[in-house]
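Next up, model_22.pdb (PDB, C-alpha atoms, pLDDT in the B column):
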```
ATOM      1  CA  ASP A  15      10.124   5.319  -8.346  1.00 68.00           C
ATOM      2  CA  TYR A  16       9.787   3.394 -11.581  1.00 70.00           C
ATOM      3  CA  GLY A  17      13.504   2.578 -11.611  1.00 72.00           C
ATOM      4  CA  ASP A  18      14.340   5.134 -14.312  1.00 71.00           C
ATOM      5  CA  GLY A  19      17.049   6.900 -12.317  1.00 72.00           C
ATOM      6  CA  VAL A  20      15.132  10.109 -11.640  1.00 80.00           C
ATOM      7  CA  LEU A  21      15.644   9.745  -7.898  1.00 86.00           C
ATOM      8  CA  THR A  22      19.384  10.122  -7.437  1.00 88.00           C
ATOM      9  CA  PRO A  23      21.181   8.990  -4.284  1.00 89.00           C
ATOM     10  CA  LEU A  24      21.290  12.618  -3.103  1.00 91.00           C
ATOM     11  CA  VAL A  25      17.528  13.043  -3.565  1.00 89.00           C
ATOM     12  CA  ILE A  26      16.868   9.748  -1.786  1.00 89.00           C
ATOM     13  CA  GLU A  27      19.132  10.758   1.091  1.00 92.00           C
ATOM     14  CA  ALA A  28      17.275  14.061   1.451  1.00 92.00           C
ATOM     15  CA  ALA A  29      13.903  12.284   1.453  1.00 90.00           C
ATOM     16  CA  LEU A  30      15.053   9.783   4.050  1.00 93.00           C
ATOM     17  CA  GLY A  31      16.054  12.660   6.319  1.00 92.00           C
ATOM     18  CA  HIS A  32      12.412  13.489   6.978  1.00 93.00           C
ATOM     19  CA  GLU A  33      10.264  12.109   9.785  1.00 92.00           C
ATOM     20  CA  LEU A  34       7.934  10.357   7.345  1.00 95.00           C
ATOM     21  CA  THR A  35       9.136   8.767   4.125  1.00 93.00           C
ATOM     22  CA  VAL A  36       6.671   6.722   2.092  1.00 94.00           C
ATOM     23  CA  VAL A  37       8.277   4.623  -0.637  1.00 93.00           C
ATOM     24  CA  ASP A  38       6.464   3.253  -3.664  1.00 91.00           C
ATOM     25  CA  ALA A  39       9.376   1.811  -5.630  1.00 83.00           C
ATOM     26  CA  GLN A  40       9.052  -0.960  -8.173  1.00 83.00           C
ATOM     27  CA  THR A  41      12.645  -2.179  -7.884  1.00 85.00           C
ATOM     28  CA  GLN A  42      15.716  -1.901  -5.674  1.00 86.00           C
ATOM     29  CA  LEU A  43      13.818  -1.302  -2.459  1.00 89.00           C
ATOM     30  CA  GLN A  44      17.047  -1.409  -0.468  1.00 89.00           C
ATOM     31  CA  ARG A  45      18.019   1.945  -2.041  1.00 90.00           C
ATOM     32  CA  TYR A  46      15.486   3.479   0.317  1.00 92.00           C
ATOM     33  CA  GLY A  47      16.714   1.705   3.434  1.00 92.00           C
ATOM     34  CA  GLY A  48      15.329   3.221   6.613  1.00 93.00           C
ATOM     35  CA  ALA A  49      12.214   4.734   5.036  1.00 94.00           C
ATOM     36  CA  THR A  50       9.118   4.765   7.207  1.00 95.00           C
ATOM     37  CA  ILE A  51       6.839   2.603   5.064  1.00 96.00           C
ATOM     38  CA  PHE A  52       7.017   0.781   1.741  1.00 95.00           C
ATOM     39  CA  THR A  53       4.018  -0.117  -0.432  1.00 94.00           C
ATOM     40  CA  PRO A  54       5.012  -2.865  -2.880  1.00 94.00           C
ATOM     41  CA  ASN A  55       2.434  -4.903  -4.728  1.00 92.00           C
ATOM     42  CA  VAL A  56       2.824  -8.682  -4.821  1.00 94.00           C
ATOM     43  CA  PRO A  57       4.961  -8.869  -8.003  1.00 93.00           C
ATOM     44  CA  GLU A  58       7.282  -6.145  -6.686  1.00 93.00           C
ATOM     45  CA  ALA A  59       7.535  -7.878  -3.301  1.00 95.00           C
ATOM     46  CA  GLU A  60       8.204 -11.238  -4.989  1.00 96.00           C
ATOM     47  CA  GLN A  61      10.996  -9.701  -7.036  1.00 94.00           C
ATOM     48  CA  ALA A  62      12.573  -8.209  -3.915  1.00 94.00           C
ATOM     49  CA  VAL A  63      12.410 -11.385  -1.789  1.00 96.00           C
ATOM     50  CA  GLY A  64      13.067 -13.853  -4.594  1.00 95.00           C
ATOM     51  CA  TYR A  65      10.163 -16.226  -4.001  1.00 97.00           C
ATOM     52  CA  SER A  66       6.439 -16.529  -4.764  1.00 97.00           C
ATOM     53  CA  ILE A  67       3.883 -15.008  -2.442  1.00 97.00           C
ATOM     54  CA  THR A  68       0.798 -17.192  -2.774  1.00 94.00           C
ATOM     55  CA  THR A  69      -0.384 -18.012   0.752  1.00 93.00           C
ATOM     56  CA  PRO A  70      -1.091 -16.030   3.921  1.00 92.00           C
ATOM     57  CA  GLN A  71       2.041 -17.572   5.408  1.00 94.00           C
ATOM     58  CA  SER A  72       4.193 -16.450   2.486  1.00 96.00           C
ATOM     59  CA  VAL A  73       2.770 -12.913   2.773  1.00 96.00           C
ATOM     60  CA  THR A  74       3.780 -12.856   6.429  1.00 95.00           C
ATOM     61  CA  GLN A  75       7.253 -14.187   5.637  1.00 96.00           C
ATOM     62  CA  ALA A  76       7.720 -11.765   2.752  1.00 97.00           C
ATOM     63  CA  SER A  77       6.673  -8.854   4.963  1.00 97.00           C
ATOM     64  CA  ARG A  78       9.244  -9.861   7.577  1.00 96.00           C
ATOM     65  CA  ASP A  79      11.931 -10.334   4.942  1.00 97.00           C
ATOM     66  CA  LEU A  80      11.125  -6.978   3.341  1.00 96.00           C
ATOM     67  CA  LEU A  81      11.180  -5.216   6.707  1.00 97.00           C
ATOM     68  CA  SER A  82      14.611  -6.705   7.303  1.00 96.00           C
ATOM     69  CA  LEU A  83      15.838  -5.823   3.797  1.00 95.00           C
ATOM     70  CA  THR A  84      14.621  -2.225   3.958  1.00 95.00           C
ATOM     71  CA  GLN A  85      14.873  -1.502   7.695  1.00 95.00           C
ATOM     72  CA  ALA A  86      11.447   0.137   7.355  1.00 96.00           C
ATOM     73  CA  GLN A  87       9.062   0.611  10.256  1.00 95.00           C
ATOM     74  CA  GLN A  88       6.069  -0.673   8.282  1.00 97.00           C
ATOM     75  CA  MET A  89       5.424  -2.755   5.166  1.00 97.00           C
ATOM     76  CA  LEU A  90       2.145  -2.589   3.257  1.00 97.00           C
ATOM     77  CA  ILE A  91       1.879  -5.259   0.571  1.00 96.00           C
ATOM     78  CA  THR A  92      -0.993  -4.522  -1.788  1.00 92.00           C
ATOM     79  CA  ARG A  93      -2.558  -7.762  -2.967  1.00 90.00           C
ATOM     80  CA  GLY A  94      -5.174  -6.795  -5.555  1.00 85.00           C
ATOM     81  CA  ASP A  95      -8.421  -8.674  -5.058  1.00 84.00           C
ATOM     82  CA  GLU A  96      -7.021 -10.174  -1.838  1.00 89.00           C
ATOM     83  CA  GLY A  97      -6.745  -6.791  -0.142  1.00 89.00           C
ATOM     84  CA  MET A  98      -3.644  -5.587   1.670  1.00 93.00           C
ATOM     85  CA  THR A  99      -1.363  -6.776   4.430  1.00 96.00           C
ATOM     86  CA  LEU A 100       0.222  -4.276   6.807  1.00 97.00           C
ATOM     87  CA  CYS A 101       3.085  -5.450   9.028  1.00 97.00           C
ATOM     88  CA  ASP A 102       5.425  -3.706  11.429  1.00 96.00           C
ATOM     89  CA  ARG A 103       8.824  -4.522  12.901  1.00 93.00           C
ATOM     90  CA  ALA A 104       7.233  -5.785  16.146  1.00 94.00           C
ATOM     91  CA  GLY A 105       5.451  -8.516  14.181  1.00 92.00           C
ATOM     92  CA  THR A 106       1.980  -6.979  14.272  1.00 95.00           C
ATOM     93  CA  GLU A 107       0.071  -7.857  11.124  1.00 96.00           C
ATOM     94  CA  HIS A 108      -3.232  -6.518   9.821  1.00 96.00           C
ATOM     95  CA  HIS A 109      -5.057  -7.954   6.850  1.00 95.00           C
ATOM     96  CA  ILE A 110      -7.293  -5.385   5.192  1.00 93.00           C
ATOM     97  CA  PRO A 111      -9.853  -7.040   2.935  1.00 89.00           C
ATOM     98  CA  PRO A 112     -10.680  -5.590  -0.465  1.00 83.00           C
ATOM     99  CA  PHE A 113     -13.586  -3.170  -0.358  1.00 78.00           C
ATOM    100  CA  ASN A 114     -14.551  -3.796  -3.976  1.00 65.00           C
ATOM    101  CA  ARG A 115     -14.253  -7.119  -5.751  1.00 58.00           C
ATOM    102  CA  THR A 116     -17.127  -6.949  -8.186  1.00 60.00           C
ATOM    103  CA  ASP A 117     -16.939  -3.568  -9.904  1.00 70.00           C
ATOM    104  CA  VAL A 118     -13.325  -3.626 -11.084  1.00 58.00           C
ATOM    105  CA  PHE A 119     -12.966  -2.236 -14.589  1.00 58.00           C
ATOM    106  CA  ASP A 120      -9.386  -0.923 -14.708  1.00 54.00           C
ATOM    107  CA  VAL A 121      -6.628  -1.193 -12.108  1.00 61.00           C
ATOM    108  CA  THR A 122      -4.493   1.483 -13.788  1.00 61.00           C
ATOM    109  CA  GLY A 123      -3.267   3.815 -11.073  1.00 65.00           C
ATOM    110  CA  ALA A 124      -4.689   1.820  -8.175  1.00 73.00           C
ATOM    111  CA  GLY A 125      -1.284   1.502  -6.502  1.00 77.00           C
ATOM    112  CA  ASP A 126      -0.604   5.207  -6.946  1.00 84.00           C
ATOM    113  CA  THR A 127      -3.994   5.928  -5.395  1.00 86.00           C
ATOM    114  CA  VAL A 128      -3.190   3.697  -2.425  1.00 89.00           C
ATOM    115  CA  VAL A 129       0.125   5.408  -1.737  1.00 92.00           C
ATOM    116  CA  SER A 130      -1.375   8.888  -2.173  1.00 92.00           C
ATOM    117  CA  ALA A 131      -4.285   8.296   0.191  1.00 93.00           C
ATOM    118  CA  LEU A 132      -2.031   6.428   2.642  1.00 95.00           C
ATOM    119  CA  THR A 133       0.373   9.361   2.730  1.00 95.00           C
ATOM    120  CA  LEU A 134      -2.470  11.827   3.176  1.00 94.00           C
ATOM    121  CA  GLY A 135      -3.848   9.756   6.050  1.00 95.00           C
ATOM    122  CA  LEU A 136      -0.444   9.600   7.766  1.00 96.00           C
ATOM    123  CA  CYS A 137       0.164  13.330   7.289  1.00 95.00           C
ATOM    124  CA  ALA A 138      -3.262  14.032   8.797  1.00 95.00           C
ATOM    125  CA  GLY A 139      -2.279  12.094  11.922  1.00 96.00           C
ATOM    126  CA  GLY A 140      -3.890   8.733  11.231  1.00 95.00           C
ATOM    127  CA  SER A 141      -2.390   5.470  12.368  1.00 96.00           C
ATOM    128  CA  TYR A 142      -0.718   3.222   9.830  1.00 97.00           C
ATOM    129  CA  TRP A 143      -3.801   0.980   9.845  1.00 96.00           C
ATOM    130  CA  GLU A 144      -6.200   3.916   9.391  1.00 95.00           C
ATOM    131  CA  ALA A 145      -4.077   5.313   6.567  1.00 96.00           C
ATOM    132  CA  ALA A 146      -3.904   1.896   4.867  1.00 96.00           C
ATOM    133  CA  VAL A 147      -7.687   1.544   5.102  1.00 94.00           C
ATOM    134  CA  LEU A 148      -8.031   5.011   3.573  1.00 93.00           C
ATOM    135  CA  GLY A 149      -5.741   3.962   0.720  1.00 92.00           C
ATOM    136  CA  ASN A 150      -7.721   0.768   0.209  1.00 91.00           C
ATOM    137  CA  LEU A 151     -10.984   2.705   0.139  1.00 90.00           C
ATOM    138  CA  ALA A 152      -9.653   5.209  -2.407  1.00 89.00           C
ATOM    139  CA  ALA A 153      -8.353   2.434  -4.649  1.00 87.00           C
ATOM    140  CA  SER A 154     -11.691   0.617  -4.446  1.00 85.00           C
ATOM    141  CA  ILE A 155     -13.284   3.687  -6.012  1.00 82.00           C
ATOM    142  CA  VAL A 156     -10.805   4.424  -8.815  1.00 81.00           C
ATOM    143  CA  VAL A 157     -10.776   0.847 -10.142  1.00 76.00           C
ATOM    144  CA  ARG A 158     -14.479   1.259 -10.958  1.00 70.00           C
ATOM    145  CA  GLN A 159     -13.562   3.686 -13.725  1.00 73.00           C
ATOM    146  CA  PHE A 160     -11.779   3.131 -17.029  1.00 71.00           C
ATOM    147  CA  GLY A 161      -8.331   4.664 -17.424  1.00 76.00           C
ATOM    148  CA  THR A 162      -6.394   6.615 -14.866  1.00 78.00           C
ATOM    149  CA  ALA A 163      -8.920   8.029 -12.421  1.00 76.00           C
ATOM    150  CA  THR A 164      -9.145  10.018  -9.212  1.00 80.00           C
ATOM    151  CA  THR A 165     -11.618  10.166  -6.388  1.00 84.00           C
ATOM    152  CA  THR A 166     -13.097  12.975  -4.318  1.00 86.00           C
ATOM    153  CA  GLN A 167     -13.762  13.529  -0.644  1.00 87.00           C
ATOM    154  CA  GLU A 168     -17.467  13.130  -1.306  1.00 90.00           C
ATOM    155  CA  GLU A 169     -16.996   9.800  -3.088  1.00 88.00           C
ATOM    156  CA  MET A 170     -14.802   8.614  -0.218  1.00 85.00           C
ATOM    157  CA  LYS A 171     -17.409   9.628   2.377  1.00 88.00           C
ATOM    158  CA  ASP A 172     -20.191   7.937   0.399  1.00 87.00           C
ATOM    159  CA  ALA A 173     -18.175   4.731  -0.089  1.00 82.00           C
ATOM    160  CA  LEU A 174     -17.298   4.598   3.607  1.00 83.00           C
ATOM    161  CA  ALA A 175     -20.922   5.180   4.612  1.00 85.00           C
ATOM    162  CA  LEU A 176     -22.004   2.370   2.269  1.00 82.00           C
ATOM    163  CA  LEU A 177     -19.400  -0.012   3.693  1.00 79.00           C
ATOM    164  CA  LEU A 178     -20.453   0.805   7.241  1.00 79.00           C
ATOM    165  CA  SER A 179     -24.148   0.339   6.435  1.00 79.00           C
ATOM    166  CA  GLU A 180     -23.403  -3.033   4.817  1.00 75.00           C
ATOM    167  CA  GLU A 181     -21.381  -4.055   7.855  1.00 71.00           C
ATOM    168  CA  ASN A 182     -24.252  -3.167  10.193  1.00 70.00           C
ATOM    169  CA  ALA A 183     -26.926  -4.813   8.040  1.00 62.00           C
TER     170      ALA A 183
END
```
Go through the file and emit its structure as structure tokens.
Amino acid sequence: DYGDGVLTPLVIEAALGHELTVVDAQTQLQRYGGATIFTPNVPEAEQAVGYSITTPQSVTQASRDLLSLTQAQQMLITRGDEGMTLCDRAGTEHHIPPFNRTDVFDVTGAGDTVVSALTLGLCAGGSYWEAAVLGNLAASIVVRQFGTATTTQEEMKDALALLLSEENA
């Protein structure tokens, strides 16, 4: 939701009636109160909480404040070259490091890629952490291309295999 009014209160209510509702809204997050998971980036999260998010402690506090504001089950704050932070209502927090810091050419669509892959992972039965990692992996691929880009299953498999081989090296 880019805040243009396309998603009316009736549409939002219908979406929130489903078991899984993933929200990628740039403004007015509280309109989607009770959604399953939100995926704001740092500027969107800062706007919603009203303070700067510059330290690990402020990310944790912002996640808690956003969970309270939205009544969501999970909050995934995407943090660009600092990775992502996934928090739940029980206070569990996972920091997911960036998978690609060096080959970033264009971040256009990276957030959309994260939310798409995250949603796919959740619909396929993955945990919130697994789905967030999948979103992070997909975004790490599309930012290597100029303009709005997509990725494929094969690229995802290759990127994951490369990450795992680097981890074991």
Point to revise | Output of the PyMOL selection byres ((chain A and resi 92) around 8), listed as a ChimeraX atom specification | key: /A:53-56,90-91,93-94,97-99,125
**Study point:** Contacts of region 106-115 of chain A at 7 Å (all atoms listed in the file; same-chain gap of 3+ positions) as JSON, numbers by chain
**Key:** {"A": [95, 96, 97, 98, 99, 100, 101, 102, 118, 147, 151, 154]}
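For Met170 (chain A), the set of protein, DNA and RNA residues having any atom at most 8 Å away, when counting only C-alpha atoms and skipping those fewer than 4 positions along the same chain, is Leu151, Ala152, Ile155, Thr165, Thr166 and Leu174 of chain A.
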Would you mind listing what lies within 9 Å of region 134-142 of chain A as a JSON list (two decimals) with C-alpha atoms, in the frame of the given file, with all atoms listed in the file counted and same-chain residues fewer than 4 positions away left out?
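Writing done, so here's selection_39.json:
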```json
[["chain", "number", "residue", "atom", "x", "y", "z"],
["A", 34, "LEU", "CA", 7.93, 10.36, 7.34],
["A", 51, "ILE", "CA", 6.84, 2.60, 5.06],
["A", 88, "GLN", "CA", 6.07, -0.67, 8.28],
["A", 100, "LEU", "CA", 0.22, -4.28, 6.81],
["A", 129, "VAL", "CA", 0.12, 5.41, -1.74],
["A", 130, "SER", "CA", -1.38, 8.89, -2.17],
["A", 146, "ALA", "CA", -3.90, 1.90, 4.87],
["A", 147, "VAL", "CA", -7.69, 1.54, 5.10],
["A", 148, "LEU", "CA", -8.03, 5.01, 3.57],
["A", 149, "GLY", "CA", -5.74, 3.96, 0.72]]
```
Review point. If you count all atoms listed in the file, which residues fall within 12 Å of Gly64 (chain A), apart from same-chain ones fewer than 6 positions away, as a list in words?
Key: Val56, Pro57, Glu58, Ser72, Gln75, Ala76, Asp79, Leu80 and Leu83 of chain A
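Picture a line from CA of Thr127 (chain A) to CA of Ala28 (chain A); it runs 23.8 Å.
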Practice item. Mind giving me the straight-line distance from CA of Gln44 (chain A) to CA of Thr84 (chain A) in Å, one decimal? Key: 5.1 Å
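Here CA of Glu169 (chain A) stands at a distance of 13.0 Å from CA of Val157 (chain A).
Nearest residue to Met89 (chain A) among A:Gln61, A:Val36, A:Asp18, A:Thr41 is A:Val36, counting all atoms listed in the file.
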Practice item. Give as a VMD selection string each residue that has an atom at most 12 Å from (15.8, 8.6, -8.1) in the file, counting only C-alpha atoms. Key: chain A and resid 15 to 29 37 to 43 45 to 46
Check your understanding: Quick one: of A:Val156, A:Glu181, A:Ala62, A:Thr164, who's nearest to Asp117 (chain A), counting all atoms listed in the file?
Key -> A:Val156
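The shortest atom-to-atom distance to Ala86 (chain A), with only C-alpha atoms taken into account, belongs to A:Thr35 out of A:Thr35, A:Arg158, A:Glu60, A:Lys171.
Using all atoms listed in the file, the nearest neighbour of Ala163 (chain A) within the list A:Val63, A:Ala124, A:Ala145, A:Leu81 is A:Ala124.
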Edge lengths and centre in Å, axis-aligned, region 152-163 of chain A plus 3 Å each side, as AutoDock Vina command-line options:
```
--center_x -10.4 --center_y 4.3 --center_z -9.9 --size_x 14.1 --size_y 13.4 --size_z 21.0
```
Revision key, fill the gap. Counting all atoms listed in the file, the residue among A:Gln167, A:Thr50, A:Gln159, A:Ser179 that lies closest to Gln85 (chain A) is A:Thr50
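Closest to Val128 (chain A) among A:Gly105, A:Glu33, A:Ala153, A:Gly48 is A:Ala153, based on all atoms listed in the file.
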How would region 81-111 of chain A look with N, CA and C atoms restored, written as a compact mmCIF listing (two decimals), in the coordinates of the input?
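Once everything was written out, this is part_38.txt:
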```
# COMPACT_ATOMS: atom_id res chain seq x y z
N LEU A 81 10.86 -6.13 5.60
CA LEU A 81 11.18 -5.22 6.71
C LEU A 81 12.66 -5.31 7.05
N SER A 82 13.19 -6.51 7.03
CA SER A 82 14.61 -6.70 7.30
C SER A 82 15.48 -6.10 6.19
N LEU A 83 15.09 -6.34 4.95
CA LEU A 83 15.84 -5.82 3.80
C LEU A 83 15.88 -4.30 3.78
N THR A 84 14.76 -3.67 4.10
CA THR A 84 14.62 -2.22 3.96
C THR A 84 14.84 -1.45 5.25
N GLN A 85 14.79 -2.15 6.38
CA GLN A 85 14.87 -1.50 7.70
C GLN A 85 13.74 -0.48 7.88
N ALA A 86 12.62 -0.73 7.23
CA ALA A 86 11.45 0.14 7.36
C ALA A 86 10.73 -0.13 8.67
N GLN A 87 9.90 0.80 9.07
CA GLN A 87 9.06 0.61 10.26
C GLN A 87 7.83 -0.22 9.92
N GLN A 88 7.31 -0.03 8.71
CA GLN A 88 6.07 -0.67 8.28
C GLN A 88 6.22 -1.18 6.85
N MET A 89 5.47 -2.23 6.54
CA MET A 89 5.42 -2.76 5.17
C MET A 89 3.96 -2.98 4.83
N LEU A 90 3.51 -2.40 3.73
CA LEU A 90 2.14 -2.59 3.26
C LEU A 90 2.23 -3.26 1.89
N ILE A 91 1.89 -4.55 1.85
CA ILE A 91 1.88 -5.26 0.57
C ILE A 91 0.46 -5.20 0.02
N THR A 92 0.32 -4.59 -1.15
CA THR A 92 -0.99 -4.52 -1.79
C THR A 92 -1.17 -5.79 -2.60
N ARG A 93 -2.36 -6.42 -2.44
CA ARG A 93 -2.56 -7.76 -2.97
C ARG A 93 -3.75 -7.86 -3.91
N GLY A 94 -4.09 -6.76 -4.58
CA GLY A 94 -5.17 -6.80 -5.56
C GLY A 94 -6.48 -7.23 -4.94
N ASP A 95 -7.10 -8.24 -5.53
CA ASP A 95 -8.42 -8.67 -5.06
C ASP A 95 -8.36 -9.45 -3.74
N GLU A 96 -7.16 -9.57 -3.16
CA GLU A 96 -7.02 -10.17 -1.84
C GLU A 96 -6.80 -9.12 -0.76
N GLY A 97 -6.88 -7.86 -1.12
CA GLY A 97 -6.74 -6.79 -0.14
C GLY A 97 -5.31 -6.35 0.06
N MET A 98 -4.97 -6.08 1.32
CA MET A 98 -3.64 -5.59 1.67
C MET A 98 -3.21 -6.23 2.97
N THR A 99 -1.90 -6.30 3.16
CA THR A 99 -1.36 -6.78 4.43
C THR A 99 -0.37 -5.74 4.93
N LEU A 100 -0.62 -5.27 6.15
CA LEU A 100 0.22 -4.28 6.81
C LEU A 100 0.95 -4.94 7.96
N CYS A 101 2.27 -4.84 7.97
CA CYS A 101 3.08 -5.45 9.03
C CYS A 101 4.07 -4.42 9.57
N ASP A 102 4.41 -4.58 10.85
CA ASP A 102 5.42 -3.71 11.43
C ASP A 102 6.59 -4.53 11.96
N ARG A 103 7.61 -3.86 12.44
CA ARG A 103 8.82 -4.52 12.90
C ARG A 103 8.58 -5.35 14.16
N ALA A 104 7.54 -5.03 14.93
CA ALA A 104 7.23 -5.78 16.15
C ALA A 104 6.50 -7.08 15.84
N GLY A 105 6.14 -7.30 14.57
CA GLY A 105 5.45 -8.52 14.18
C GLY A 105 3.94 -8.39 14.13
N THR A 106 3.42 -7.20 14.38
CA THR A 106 1.98 -6.98 14.27
C THR A 106 1.59 -7.00 12.80
N GLU A 107 0.52 -7.71 12.51
CA GLU A 107 0.07 -7.86 11.12
C GLU A 107 -1.42 -7.60 11.05
N HIS A 108 -1.81 -6.80 10.08
CA HIS A 108 -3.23 -6.52 9.82
C HIS A 108 -3.54 -6.89 8.38
N HIS A 109 -4.58 -7.70 8.20
CA HIS A 109 -5.06 -7.95 6.85
C HIS A 109 -6.25 -7.06 6.62
N ILE A 110 -6.21 -6.30 5.56
CA ILE A 110 -7.29 -5.38 5.19
C ILE A 110 -7.95 -5.97 3.95
N PRO A 111 -9.20 -6.40 4.08
CA PRO A 111 -9.85 -7.04 2.94
C PRO A 111 -10.14 -6.03 1.83
```
